Amino acid sequence: MTAPLREALAVLPVQAEDRTGYDRDAFRHWIDADRDGCTTRPEVLLAEAVDPPTRTGRCTLTGGRWYSWYDDTYLTGPRGLDIDHLIPLAKAWDSGASTWSAQRRQAFANDLGDERSLVAVTARANRSKADQDPATWMPPTTAAHCRYVTEWIAVKTRWQLTLDTAEHRALTETVADCPNGPVTVEPAPYPPRLLVQDSGSRPNSY
């Protein structure tokens, strides 16, 4: 699917959220989908490194440099980085994932098939965000807001997730000031095939 940003937002369904029964453990992560010794976390770090780290043993990473676009910060070494689920697991549960199979939830939590799904960012930015949506949290760097809402809309579209009323309002207000460029989304495969690419070659989907 390819559509202008505001059109992509307009077709997302809006309905009330329900967190009944949510358990983070319902989304199994991090896994080594391709059995190369690297789980999803180091796969993302390897793909997003500005300067590649050294990999030793069973995917121990040292050195390297990353750019956390949420807060416009460069970090050396992987220890200060978290891997953020752009759509937090709790918000995914609220907006449709509660009805999914365990297999589909695992695929969502480890989605390396679209580079927008998982993002290496500073631990402080990730923990500030927690499980909030754009109605209550946006990246501290104002220049990142258009990218953030565009990618939020893309990942919600990819996984056929809904929006709640406050989330929809916040997205609508933000995208009104953003370029109305095309957003391309490949629906998440289901039943899921291997959602992983070679390190450093995750597809750029827009």
# chains A, B, ... in the order shown; residues from 1 in each chain; ligands from 1

call {"tool": "select_by_dssp", "arguments": {"residues": "range 49-206 of chain A", "states": "strand (DSSP E)", "output": "ChimeraX atom specification"}}
result
/A:54-56,60-62,65-68,73-76,81-85,118-122,182-184

call {"tool": "write_last_selection", "arguments": {"atoms": "N, CA and C atoms", "output": "PDB file, in the first residue's frame"}}
result
ATOM      1  N   THR A  54      32.205  -4.125  16.754  1.00  0.00           N
ATOM      2  CA  THR A  54      32.897  -5.398  16.588  1.00  0.00           C
ATOM      3  C   THR A  54      32.015  -6.492  17.184  1.00  0.00           C
ATOM      4  N   ARG A  55      31.837  -7.566  16.437  1.00  0.00           N
ATOM      5  CA  ARG A  55      31.031  -8.703  16.909  1.00  0.00           C
ATOM      6  C   ARG A  55      31.961  -9.857  17.233  1.00  0.00           C
ATOM      7  N   THR A  56      31.815 -10.405  18.425  1.00  0.00           N
ATOM      8  CA  THR A  56      32.603 -11.569  18.830  1.00  0.00           C
ATOM      9  C   THR A  56      31.688 -12.614  19.449  1.00  0.00           C
ATOM     10  N   THR A  60      28.311 -10.910  20.778  1.00  0.00           N
ATOM     11  CA  THR A  60      28.658  -9.844  21.712  1.00  0.00           C
ATOM     12  C   THR A  60      29.163  -8.659  20.903  1.00  0.00           C
ATOM     13  N   LEU A  61      28.587  -7.481  21.133  1.00  0.00           N
ATOM     14  CA  LEU A  61      28.950  -6.284  20.377  1.00  0.00           C
ATOM     15  C   LEU A  61      29.740  -5.325  21.249  1.00  0.00           C
ATOM     16  N   THR A  62      30.832  -4.807  20.712  1.00  0.00           N
ATOM     17  CA  THR A  62      31.627  -3.801  21.415  1.00  0.00           C
ATOM     18  C   THR A  62      31.950  -2.682  20.437  1.00  0.00           C
ATOM     19  N   ARG A  65      29.027   3.058  16.927  1.00  0.00           N
ATOM     20  CA  ARG A  65      28.395   4.339  17.231  1.00  0.00           C
ATOM     21  C   ARG A  65      27.006   4.361  16.617  1.00  0.00           C
ATOM     22  N   TRP A  66      26.049   4.971  17.349  1.00  0.00           N
ATOM     23  CA  TRP A  66      24.655   5.013  16.920  1.00  0.00           C
ATOM     24  C   TRP A  66      24.094   6.421  17.049  1.00  0.00           C
ATOM     25  N   TYR A  67      23.055   6.698  16.251  1.00  0.00           N
ATOM     26  CA  TYR A  67      22.342   7.971  16.334  1.00  0.00           C
ATOM     27  C   TYR A  67      20.932   7.701  16.826  1.00  0.00           C
ATOM     28  N   SER A  68      20.585   8.287  17.958  1.00  0.00           N
ATOM     29  CA  SER A  68      19.239   8.181  18.514  1.00  0.00           C
ATOM     30  C   SER A  68      18.428   9.376  18.026  1.00  0.00           C
ATOM     31  N   THR A  73      20.852  12.443  19.517  1.00  0.00           N
ATOM     32  CA  THR A  73      22.020  12.115  20.330  1.00  0.00           C
ATOM     33  C   THR A  73      22.820  10.990  19.681  1.00  0.00           C
ATOM     34  N   TYR A  74      24.142  11.158  19.661  1.00  0.00           N
ATOM     35  CA  TYR A  74      25.030  10.080  19.230  1.00  0.00           C
ATOM     36  C   TYR A  74      25.561   9.359  20.460  1.00  0.00           C
ATOM     37  N   LEU A  75      25.656   8.032  20.363  1.00  0.00           N
ATOM     38  CA  LEU A  75      26.204   7.228  21.455  1.00  0.00           C
ATOM     39  C   LEU A  75      27.280   6.310  20.919  1.00  0.00           C
ATOM     40  N   THR A  76      28.338   6.164  21.697  1.00  0.00           N
ATOM     41  CA  THR A  76      29.406   5.224  21.378  1.00  0.00           C
ATOM     42  C   THR A  76      29.254   3.999  22.273  1.00  0.00           C
ATOM     43  N   LEU A  81      21.978   2.088  24.903  1.00  0.00           N
ATOM     44  CA  LEU A  81      20.871   2.017  23.950  1.00  0.00           C
ATOM     45  C   LEU A  81      19.813   1.014  24.377  1.00  0.00           C
ATOM     46  N   ASP A  82      18.569   1.362  24.134  1.00  0.00           N
ATOM     47  CA  ASP A  82      17.456   0.427  24.208  1.00  0.00           C
ATOM     48  C   ASP A  82      16.924   0.221  22.798  1.00  0.00           C
ATOM     49  N   ILE A  83      16.275  -0.917  22.580  1.00  0.00           N
ATOM     50  CA  ILE A  83      15.547  -1.135  21.337  1.00  0.00           C
ATOM     51  C   ILE A  83      14.076  -0.863  21.623  1.00  0.00           C
ATOM     52  N   ASP A  84      13.580   0.201  21.040  1.00  0.00           N
ATOM     53  CA  ASP A  84      12.196   0.611  21.271  1.00  0.00           C
ATOM     54  C   ASP A  84      11.268  -0.051  20.265  1.00  0.00           C
ATOM     55  N   HIS A  85      10.179  -0.647  20.786  1.00  0.00           N
ATOM     56  CA  HIS A  85       9.066  -1.019  19.909  1.00  0.00           C
ATOM     57  C   HIS A  85       8.327   0.285  19.597  1.00  0.00           C
ATOM     58  N   LEU A 118      11.187  -1.312  14.923  1.00  0.00           N
ATOM     59  CA  LEU A 118      12.108  -1.373  16.052  1.00  0.00           C
ATOM     60  C   LEU A 118      13.194  -0.331  15.851  1.00  0.00           C
ATOM     61  N   VAL A 119      13.484   0.432  16.908  1.00  0.00           N
ATOM     62  CA  VAL A 119      14.387   1.573  16.778  1.00  0.00           C
ATOM     63  C   VAL A 119      15.393   1.585  17.927  1.00  0.00           C
ATOM     64  N   ALA A 120      16.667   1.709  17.597  1.00  0.00           N
ATOM     65  CA  ALA A 120      17.701   1.850  18.620  1.00  0.00           C
ATOM     66  C   ALA A 120      17.751   3.315  19.058  1.00  0.00           C
ATOM     67  N   VAL A 121      17.443   3.554  20.324  1.00  0.00           N
ATOM     68  CA  VAL A 121      17.406   4.917  20.867  1.00  0.00           C
ATOM     69  C   VAL A 121      18.046   4.921  22.247  1.00  0.00           C
ATOM     70  N   THR A 122      18.310   6.113  22.775  1.00  0.00           N
ATOM     71  CA  THR A 122      18.874   6.184  24.114  1.00  0.00           C
ATOM     72  C   THR A 122      17.916   5.564  25.123  1.00  0.00           C
ATOM     73  N   PRO A 182       4.279  10.394   0.290  1.00  0.00           N
ATOM     74  CA  PRO A 182       3.771   9.029   0.242  1.00  0.00           C
ATOM     75  C   PRO A 182       4.337   8.166   1.367  1.00  0.00           C
ATOM     76  N   VAL A 183       3.482   7.318   1.894  1.00  0.00           N
ATOM     77  CA  VAL A 183       3.874   6.327   2.889  1.00  0.00           C
ATOM     78  C   VAL A 183       3.623   4.953   2.277  1.00  0.00           C
ATOM     79  N   THR A 184       4.657   4.143   2.202  1.00  0.00           N
ATOM     80  CA  THR A 184       4.542   2.799   1.635  1.00  0.00           C
ATOM     81  C   THR A 184       4.645   1.772   2.747  1.00  0.00           C
TER      82      THR A 184
END

call {"tool": "closest_atom_pairs", "arguments": {"of": "range 4-43 of chain A", "to": "range 138-153 of chain A", "cutoff": "9 Å", "atoms": "only C-alpha atoms", "output": "CSV"}}
result
residue,atom,partner,partner_atom,distance
A:Leu5,CA,A:Thr150,CA,6.9
A:Ala8,CA,A:Ile153,CA,7.2
A:Leu9,CA,A:Ile153,CA,6.2
A:Leu12,CA,A:Ile153,CA,8.2

call {"tool": "closest_residue", "arguments": {"among": "A:Val155, A:Val11, A:Ile31, A:Leu171", "to": "Ser117 in chain A", "atoms": "only C-alpha atoms"}}
result
A:Val155

call {"tool": "residues_around", "arguments": {"residues": "range 34-41 of chain A", "least_positions_apart": "5", "cutoff": "7 Å", "atoms": "only C-alpha atoms", "output": "list of chain:residue names"}}
result
A:Arg58, A:Cys59, A:Ile83, A:Asn110

call {"tool": "closest_residue", "arguments": {"among": "A:Asp32, A:Asp94, A:Glu115, A:Asp51", "to": "Gly63 in chain A", "atoms": "only C-alpha atoms"}}
result
A:Asp51

call {"tool": "closest_residue", "arguments": {"among": "A:Ala135, A:Leu161, A:Ala49, A:Ala130", "to": "Ala188 in chain A", "atoms": "only C-alpha atoms"}}
result
A:Leu161

call {"tool": "closest_residue", "arguments": {"among": "A:Glu186, A:Glu7, A:Asp177, A:Asp18", "to": "Arg116 in chain A", "atoms": "only C-alpha atoms"}}
result
A:Glu186

call {"tool": "residues_around", "arguments": {"residues": "Val14 in chain A", "least_positions_apart": "4", "cutoff": "7 Å", "atoms": "only C-alpha atoms", "output": "PyMOL selection string"}}
result
chain A and resi 162-165

call {"tool": "select_by_dssp", "arguments": {"residues": "range 72-164 of chain A", "states": "helix (DSSP H, G or I)", "output": "PyMOL selection string"}}
result
chain A and resi 78-80+89-94+97-99+102-109+123-129+142-158

call {"tool": "closest_residue", "arguments": {"among": "A:Leu86, A:Lys91, A:Pro179, A:Glu48", "to": "Glu167 in chain A", "atoms": "only C-alpha atoms"}}
result
A:Lys91

call {"tool": "closest_residue", "arguments": {"among": "A:Ala10, A:Leu112, A:Leu45, A:Ala16", "to": "Gly96 in chain A", "atoms": "only C-alpha atoms"}}
result
A:Ala16

call {"tool": "atom_distance", "arguments": {"atom1": "CA of Val175 in chain A", "atom2": "CA of Arg124 in chain A"}}
result
25.5 Å

call {"tool": "atom_distance", "arguments": {"atom1": "CA of Ala90 in chain A", "atom2": "CA of Phe27 in chain A"}}
result
9.6 Å

call {"tool": "residues_around", "arguments": {"residues": "Val185 in chain A", "least_positions_apart": "4", "cutoff": "7 Å", "atoms": "only C-alpha atoms", "output": "count of residues only"}}
result
5
